[in-house]
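K.L.:
Next comes work38.cif, mmCIF, N, CA and C atoms:
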```cif
data_target
#
loop_
_atom_site.label_atom_id
_atom_site.label_comp_id
_atom_site.auth_asym_id
_atom_site.auth_seq_id
_atom_site.Cartn_x
_atom_site.Cartn_y
_atom_site.Cartn_z
N MET A 28 -12.74 8.88 17.39
CA MET A 28 -12.73 10.25 16.90
C MET A 28 -11.98 10.32 15.58
N SER A 29 -12.49 11.02 14.64
CA SER A 29 -11.91 11.12 13.30
C SER A 29 -10.84 12.19 13.23
N ASN A 30 -9.82 11.95 12.38
CA ASN A 30 -8.78 12.95 12.14
C ASN A 30 -9.17 13.94 11.05
N LYS A 31 -10.36 13.77 10.49
CA LYS A 31 -10.80 14.68 9.43
C LYS A 31 -11.14 16.04 10.04
N PRO A 32 -10.75 17.12 9.35
CA PRO A 32 -11.02 18.44 9.90
C PRO A 32 -12.50 18.77 9.89
N THR A 33 -12.93 19.50 10.88
CA THR A 33 -14.29 20.02 10.93
C THR A 33 -14.18 21.54 10.99
N LYS A 34 -15.33 22.22 10.97
CA LYS A 34 -15.31 23.68 11.03
C LYS A 34 -14.73 24.17 12.35
N LYS A 35 -14.82 23.36 13.40
CA LYS A 35 -14.31 23.76 14.71
C LYS A 35 -12.80 23.63 14.81
N ASP A 36 -12.19 22.81 13.96
CA ASP A 36 -10.75 22.56 14.04
C ASP A 36 -9.96 23.84 13.75
N LYS A 37 -8.93 24.03 14.53
CA LYS A 37 -7.99 25.12 14.32
C LYS A 37 -6.67 24.50 13.91
N ASP A 38 -6.29 24.66 12.64
CA ASP A 38 -5.06 24.08 12.12
C ASP A 38 -3.98 25.13 12.05
N HIS A 39 -2.80 24.73 12.47
CA HIS A 39 -1.64 25.60 12.38
C HIS A 39 -0.49 24.80 11.83
N LEU A 40 0.16 25.32 10.79
CA LEU A 40 1.35 24.69 10.25
C LEU A 40 2.55 25.32 10.95
N ILE A 41 3.34 24.50 11.62
CA ILE A 41 4.46 24.97 12.42
C ILE A 41 5.76 24.52 11.75
N VAL A 42 6.69 25.45 11.57
CA VAL A 42 8.00 25.14 11.01
C VAL A 42 9.04 25.46 12.07
N LYS A 43 9.82 24.44 12.46
CA LYS A 43 10.91 24.62 13.42
C LYS A 43 12.15 23.97 12.85
N GLU A 44 13.16 24.76 12.60
CA GLU A 44 14.42 24.30 12.03
C GLU A 44 14.15 23.43 10.81
N ASP A 45 14.46 22.12 10.88
CA ASP A 45 14.28 21.24 9.72
C ASP A 45 12.98 20.44 9.78
N SER A 46 12.12 20.68 10.74
CA SER A 46 10.91 19.88 10.83
C SER A 46 9.66 20.74 10.62
N VAL A 47 8.65 20.10 10.09
CA VAL A 47 7.37 20.75 9.84
C VAL A 47 6.30 19.87 10.46
N PHE A 48 5.37 20.49 11.16
CA PHE A 48 4.27 19.70 11.67
C PHE A 48 2.99 20.51 11.69
N LEU A 49 1.88 19.80 11.73
CA LEU A 49 0.56 20.40 11.78
C LEU A 49 0.06 20.28 13.21
N ARG A 50 -0.41 21.37 13.77
CA ARG A 50 -1.01 21.34 15.10
C ARG A 50 -2.51 21.51 14.91
N ARG A 51 -3.26 20.48 15.29
CA ARG A 51 -4.72 20.50 15.17
C ARG A 51 -5.30 20.21 16.55
N ASN A 52 -6.03 21.18 17.06
CA ASN A 52 -6.67 21.04 18.37
C ASN A 52 -5.69 20.58 19.45
N GLY A 53 -4.50 21.17 19.43
CA GLY A 53 -3.51 20.87 20.47
C GLY A 53 -2.68 19.63 20.23
N LYS A 54 -2.98 18.84 19.20
CA LYS A 54 -2.21 17.63 18.90
C LYS A 54 -1.32 17.90 17.68
N ASP A 55 -0.06 17.46 17.75
CA ASP A 55 0.89 17.67 16.67
C ASP A 55 0.98 16.45 15.76
N TYR A 56 0.98 16.70 14.46
CA TYR A 56 1.13 15.67 13.45
C TYR A 56 2.39 16.00 12.67
N ASN A 57 3.41 15.15 12.77
CA ASN A 57 4.69 15.41 12.11
C ASN A 57 4.64 15.07 10.63
N PHE A 58 5.39 15.83 9.85
CA PHE A 58 5.56 15.60 8.43
C PHE A 58 7.03 15.36 8.16
N ILE A 59 7.33 14.48 7.26
CA ILE A 59 8.71 14.28 6.80
C ILE A 59 8.87 15.14 5.57
N PRO A 60 9.81 16.09 5.63
CA PRO A 60 9.96 16.97 4.46
C PRO A 60 10.38 16.21 3.22
N ALA A 61 9.79 16.56 2.09
CA ALA A 61 10.14 15.94 0.81
C ALA A 61 11.37 16.63 0.23
N LYS A 62 12.11 15.89 -0.56
CA LYS A 62 13.22 16.49 -1.29
C LYS A 62 12.64 17.40 -2.35
N SER A 63 13.25 18.54 -2.53
CA SER A 63 12.70 19.51 -3.47
C SER A 63 12.97 19.15 -4.93
N HIS A 64 14.03 18.38 -5.18
CA HIS A 64 14.36 18.06 -6.56
C HIS A 64 15.15 16.76 -6.61
N THR A 65 14.81 15.94 -7.54
CA THR A 65 15.52 14.70 -7.75
C THR A 65 16.00 14.67 -9.20
N THR A 66 17.25 14.31 -9.40
CA THR A 66 17.79 14.22 -10.75
C THR A 66 17.62 12.79 -11.25
N LEU A 67 17.00 12.66 -12.40
CA LEU A 67 16.80 11.35 -13.02
C LEU A 67 17.63 11.26 -14.29
N THR A 68 18.09 10.05 -14.58
CA THR A 68 18.75 9.83 -15.86
C THR A 68 17.68 9.62 -16.92
N THR A 69 18.09 9.65 -18.17
CA THR A 69 17.15 9.39 -19.26
C THR A 69 16.51 8.01 -19.11
N GLY A 70 17.31 7.03 -18.76
CA GLY A 70 16.78 5.67 -18.57
C GLY A 70 15.76 5.61 -17.45
N GLU A 71 16.02 6.32 -16.36
CA GLU A 71 15.08 6.34 -15.24
C GLU A 71 13.77 7.02 -15.62
N VAL A 72 13.86 8.06 -16.43
CA VAL A 72 12.66 8.75 -16.90
C VAL A 72 11.82 7.79 -17.73
N ILE A 73 12.46 7.08 -18.64
CA ILE A 73 11.72 6.15 -19.51
C ILE A 73 11.09 5.04 -18.68
N LYS A 74 11.85 4.48 -17.76
CA LYS A 74 11.31 3.42 -16.90
C LYS A 74 10.15 3.94 -16.06
N THR A 75 10.28 5.15 -15.52
CA THR A 75 9.22 5.73 -14.71
C THR A 75 7.96 5.96 -15.53
N LEU A 76 8.12 6.53 -16.73
CA LEU A 76 6.96 6.73 -17.60
C LEU A 76 6.30 5.39 -17.94
N ARG A 77 7.11 4.40 -18.25
CA ARG A 77 6.56 3.07 -18.58
C ARG A 77 5.79 2.49 -17.40
N GLU A 78 6.36 2.60 -16.20
CA GLU A 78 5.69 2.06 -15.02
C GLU A 78 4.42 2.85 -14.67
N LEU A 79 4.44 4.17 -14.89
CA LEU A 79 3.23 4.96 -14.66
C LEU A 79 2.10 4.53 -15.59
N LYS A 80 2.46 4.14 -16.80
CA LYS A 80 1.47 3.65 -17.77
C LYS A 80 1.10 2.18 -17.51
N GLU A 81 1.85 1.55 -16.60
CA GLU A 81 1.67 0.12 -16.28
C GLU A 81 1.90 -0.76 -17.50
N TRP A 82 2.93 -0.40 -18.28
CA TRP A 82 3.31 -1.17 -19.46
C TRP A 82 4.52 -2.03 -19.14
N THR A 83 4.61 -3.17 -19.81
CA THR A 83 5.83 -3.97 -19.76
C THR A 83 6.81 -3.39 -20.79
N GLN A 84 8.05 -3.86 -20.73
CA GLN A 84 9.01 -3.44 -21.75
C GLN A 84 8.55 -3.91 -23.12
N GLY A 85 7.95 -5.07 -23.19
CA GLY A 85 7.43 -5.59 -24.46
C GLY A 85 6.32 -4.71 -25.03
N GLU A 86 5.44 -4.24 -24.15
CA GLU A 86 4.36 -3.36 -24.61
C GLU A 86 4.92 -2.02 -25.12
N LEU A 87 5.90 -1.50 -24.41
CA LEU A 87 6.53 -0.25 -24.87
C LEU A 87 7.24 -0.48 -26.20
N ALA A 88 7.86 -1.63 -26.34
CA ALA A 88 8.55 -1.95 -27.60
C ALA A 88 7.56 -1.92 -28.77
N LYS A 89 6.38 -2.52 -28.59
CA LYS A 89 5.37 -2.54 -29.66
C LYS A 89 4.86 -1.14 -29.96
N LYS A 90 4.64 -0.34 -28.92
CA LYS A 90 4.09 0.99 -29.11
C LYS A 90 5.10 1.96 -29.73
N SER A 91 6.39 1.73 -29.45
CA SER A 91 7.42 2.66 -29.93
C SER A 91 8.15 2.17 -31.18
N GLY A 92 8.07 0.87 -31.45
CA GLY A 92 8.82 0.31 -32.58
C GLY A 92 10.28 0.07 -32.25
N ILE A 93 10.64 0.11 -30.99
CA ILE A 93 12.01 -0.14 -30.54
C ILE A 93 12.07 -1.52 -29.92
N ASN A 94 13.07 -2.29 -30.29
CA ASN A 94 13.25 -3.65 -29.80
C ASN A 94 13.24 -3.67 -28.27
N SER A 95 12.60 -4.68 -27.66
CA SER A 95 12.50 -4.73 -26.19
C SER A 95 13.86 -4.88 -25.52
N ASN A 96 14.83 -5.54 -26.20
CA ASN A 96 16.18 -5.61 -25.63
C ASN A 96 16.80 -4.21 -25.55
N ASN A 97 16.55 -3.40 -26.58
CA ASN A 97 17.05 -2.03 -26.56
C ASN A 97 16.33 -1.18 -25.51
N ILE A 98 15.05 -1.44 -25.27
CA ILE A 98 14.32 -0.74 -24.21
C ILE A 98 15.02 -1.00 -22.88
N SER A 99 15.36 -2.25 -22.63
CA SER A 99 16.05 -2.61 -21.38
C SER A 99 17.39 -1.89 -21.27
N LEU A 100 18.16 -1.90 -22.35
CA LEU A 100 19.46 -1.23 -22.35
C LEU A 100 19.31 0.28 -22.12
N ILE A 101 18.30 0.87 -22.72
CA ILE A 101 18.05 2.31 -22.55
C ILE A 101 17.67 2.61 -21.10
N GLU A 102 16.76 1.80 -20.53
CA GLU A 102 16.32 2.01 -19.16
C GLU A 102 17.47 1.89 -18.16
N HIS A 103 18.45 1.09 -18.49
CA HIS A 103 19.61 0.91 -17.60
C HIS A 103 20.78 1.82 -17.99
N ASP A 104 20.51 2.77 -18.88
CA ASP A 104 21.51 3.75 -19.33
C ASP A 104 22.77 3.09 -19.88
N ARG A 105 22.59 1.98 -20.59
CA ARG A 105 23.73 1.28 -21.18
C ARG A 105 23.97 1.65 -22.63
N VAL A 106 22.99 2.32 -23.24
CA VAL A 106 23.16 2.84 -24.60
C VAL A 106 22.63 4.27 -24.62
N LYS A 107 23.17 5.06 -25.52
CA LYS A 107 22.66 6.42 -25.69
C LYS A 107 21.35 6.34 -26.46
N ILE A 108 20.43 7.19 -26.08
CA ILE A 108 19.08 7.09 -26.65
C ILE A 108 19.00 7.63 -28.07
N GLY A 109 19.60 8.76 -28.35
CA GLY A 109 19.55 9.34 -29.68
C GLY A 109 18.22 10.02 -29.98
N LYS A 110 18.27 10.87 -31.00
CA LYS A 110 17.12 11.69 -31.39
C LYS A 110 15.92 10.85 -31.83
N TYR A 111 16.15 9.88 -32.71
CA TYR A 111 15.03 9.13 -33.28
C TYR A 111 14.36 8.22 -32.25
N ARG A 112 15.15 7.61 -31.39
CA ARG A 112 14.55 6.80 -30.32
C ARG A 112 13.77 7.66 -29.34
N SER A 113 14.30 8.83 -29.00
CA SER A 113 13.59 9.70 -28.06
C SER A 113 12.26 10.16 -28.64
N ILE A 114 12.24 10.43 -29.94
CA ILE A 114 10.98 10.84 -30.59
C ILE A 114 9.99 9.68 -30.59
N ALA A 115 10.46 8.49 -30.92
CA ALA A 115 9.57 7.31 -30.94
C ALA A 115 9.00 7.04 -29.55
N LEU A 116 9.84 7.13 -28.52
CA LEU A 116 9.37 6.90 -27.15
C LEU A 116 8.42 8.01 -26.70
N ALA A 117 8.74 9.25 -27.04
CA ALA A 117 7.88 10.37 -26.67
C ALA A 117 6.49 10.22 -27.29
N GLU A 118 6.44 9.81 -28.55
CA GLU A 118 5.15 9.60 -29.21
C GLU A 118 4.38 8.47 -28.55
N ALA A 119 5.08 7.41 -28.16
CA ALA A 119 4.42 6.29 -27.48
C ALA A 119 3.83 6.74 -26.14
N PHE A 120 4.57 7.57 -25.41
CA PHE A 120 4.12 8.04 -24.10
C PHE A 120 3.17 9.23 -24.19
N GLY A 121 3.16 9.91 -25.32
CA GLY A 121 2.32 11.10 -25.46
C GLY A 121 2.90 12.31 -24.74
N VAL A 122 4.24 12.42 -24.74
CA VAL A 122 4.91 13.56 -24.11
C VAL A 122 5.84 14.21 -25.13
N HIS A 123 6.35 15.38 -24.77
CA HIS A 123 7.30 16.07 -25.63
C HIS A 123 8.65 15.36 -25.54
N PRO A 124 9.39 15.21 -26.63
CA PRO A 124 10.69 14.52 -26.59
C PRO A 124 11.69 15.14 -25.61
N ALA A 125 11.55 16.42 -25.31
CA ALA A 125 12.48 17.06 -24.38
C ALA A 125 12.40 16.44 -22.99
N ILE A 126 11.23 15.93 -22.61
CA ILE A 126 11.09 15.29 -21.30
C ILE A 126 12.01 14.08 -21.22
N ILE A 127 12.18 13.39 -22.33
CA ILE A 127 13.04 12.21 -22.38
C ILE A 127 14.50 12.60 -22.62
N MET A 128 14.73 13.53 -23.52
CA MET A 128 16.10 13.90 -23.89
C MET A 128 16.82 14.71 -22.81
N PHE A 129 16.08 15.53 -22.08
CA PHE A 129 16.70 16.44 -21.11
C PHE A 129 16.04 16.31 -19.74
N PRO A 130 16.18 15.16 -19.09
CA PRO A 130 15.50 14.96 -17.81
C PRO A 130 16.02 15.87 -16.70
N GLU A 131 17.22 16.38 -16.85
CA GLU A 131 17.78 17.24 -15.80
C GLU A 131 17.09 18.59 -15.70
N TYR A 132 16.23 18.93 -16.68
CA TYR A 132 15.54 20.22 -16.65
C TYR A 132 14.20 20.16 -15.96
N GLY A 133 13.93 19.09 -15.25
CA GLY A 133 12.70 19.02 -14.47
C GLY A 133 11.94 17.75 -14.72
N THR A 134 11.32 17.25 -13.65
CA THR A 134 10.57 16.01 -13.73
C THR A 134 9.10 16.22 -13.41
N GLY A 135 8.66 17.45 -13.35
CA GLY A 135 7.27 17.73 -13.01
C GLY A 135 6.26 17.17 -13.99
N SER A 136 6.65 16.93 -15.20
CA SER A 136 5.72 16.44 -16.23
C SER A 136 5.50 14.94 -16.17
N LEU A 137 6.28 14.21 -15.39
CA LEU A 137 6.15 12.76 -15.37
C LEU A 137 4.77 12.32 -14.89
N GLY A 138 4.31 12.93 -13.83
CA GLY A 138 3.00 12.56 -13.30
C GLY A 138 1.88 12.85 -14.26
N LYS A 139 2.00 13.89 -15.07
CA LYS A 139 0.98 14.25 -16.04
C LYS A 139 0.92 13.26 -17.19
N ALA A 140 2.01 12.52 -17.40
CA ALA A 140 2.09 11.62 -18.55
C ALA A 140 1.34 10.31 -18.31
N ALA A 141 1.08 9.99 -17.09
CA ALA A 141 0.44 8.70 -16.78
C ALA A 141 -1.02 8.70 -17.08
#
```
Produce structure tokens that represent the structure in this file.
P.N.:
Amino acid sequence: MSNKPTKKDKDHLIVKEDSVFLRRNGKDYNFIPAKSHTTLTTGEVIKTLRELKEWTQGELAKKSGINSNNISLIEHDRVKIGKYRSIALAEAFGVHPAIIMFPEYGTGSLGKAA
């Protein structure tokens, strides 16, 4: 029997205290609640964008004009990124520099960048 819904299926989303589950035809399917917000550092944002693009640090270095050693240092938050580096990286990724410079203001745009 398939778990895919049909027109006969009656789905109910049930919320009890900290748990959420779907009740379909009398059977319960548990969900693990997602965290509503995660704070990323500038380095984590850059690494995440790079990995979403499936680029190596070397490929990002070529696309941005920033030395690959500096890419590594930036991704590990060992150096401050600065205005010019953030612009170069933003252009390479095709995103607004604010996504890189101010990651604490939201990470919703990361998925759109890939």
K.L.:
As number ranges by chain, please: all residues of range 70-106 of chain A that backbone DSSP puts in helix (DSSP H, G or I).
P.N.:
A: 70-79, 84-91, 95-102
K.L.:
I'd like to know which of A:Gly70, A:Leu79, A:Ile126, A:Ala88 is closest to Ile108 in chain A, using only C-alpha atoms.
P.N.:
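Nearest candidate to Ile108 in chain A out of A:Gly70, A:Leu79, A:Ile126, A:Ala88: A:Gly70.
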K.L.:
Pick out the closest residue to Lys90 in chain A from this set: A:Asp104, A:Arg51, A:Leu67, A:Leu116. Count all atoms listed in the file.
P.N.:
A:Leu116
K.L.:
Within 7 Å of Glu131 in chain A, counting only N, CA and C atoms, which residues qualify if same-chain residues fewer than 3 places away don't, as a PyMOL selection string?
P.N.:
chain A and resi 66-69+128+134
K.L.:
If we count all atoms listed in the file, what is near Glu102 in chain A at a cut-off of 8 Å, once residues fewer than 4 positions away on the same chain are taken out, given as a list in words?
P.N.:
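Skipping anything fewer than 4 positions along the chain leaves Thr68, Thr69, Gly70, Glu71, Val72, Ile73, Lys74, Thr75, Asn96, Asn97, Ile98 and Val106 of chain A.
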K.L.:
Could you work out how far atom C of Pro124 in chain A lies from atom C of Tyr111 in chain A, giving the answer in Å with one decimal?
P.N.:
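So the answer is 10.0 Å.
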K.L.:
Name the residues that the PyMOL selection byres (((chain A and resi 115 and name CA) around 9) and name CA) picks from the file above, as a list in words, using the file's chain letters and numbers.
P.N.:
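Listing what the PyMOL selection byres (((chain A and resi 115 and name CA) around 9) and name CA) selects in the shown file: Lys90, Ser91, Gly92, Ile93, Lys110, Tyr111, Arg112, Ser113, Ile114, Leu116, Ala117, Glu118, Ala119, Phe120 and Pro124 of chain A.
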K.L.:
If you measure from atom N of Lys107 in chain A to atom C of Thr83 in chain A, what distance in Å do you get, rounded to one decimal?
P.N.:
19.0 Å
K.L.:
In Å to one decimal, how far is atom C of Ser99 in chain A from atom N of Leu87 in chain A?
P.N.:
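Taking atom N of Leu87 in chain A and atom C of Ser99 in chain A, their separation equals 11.9 Å.
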K.L.:
I need the residues of range 52-117 of chain A that end up classed as strand (DSSP E or B) by DSSP on the backbone, written out as JSON, numbers by chain.
P.N.:
{"A": [54, 55, 56, 57, 58]}
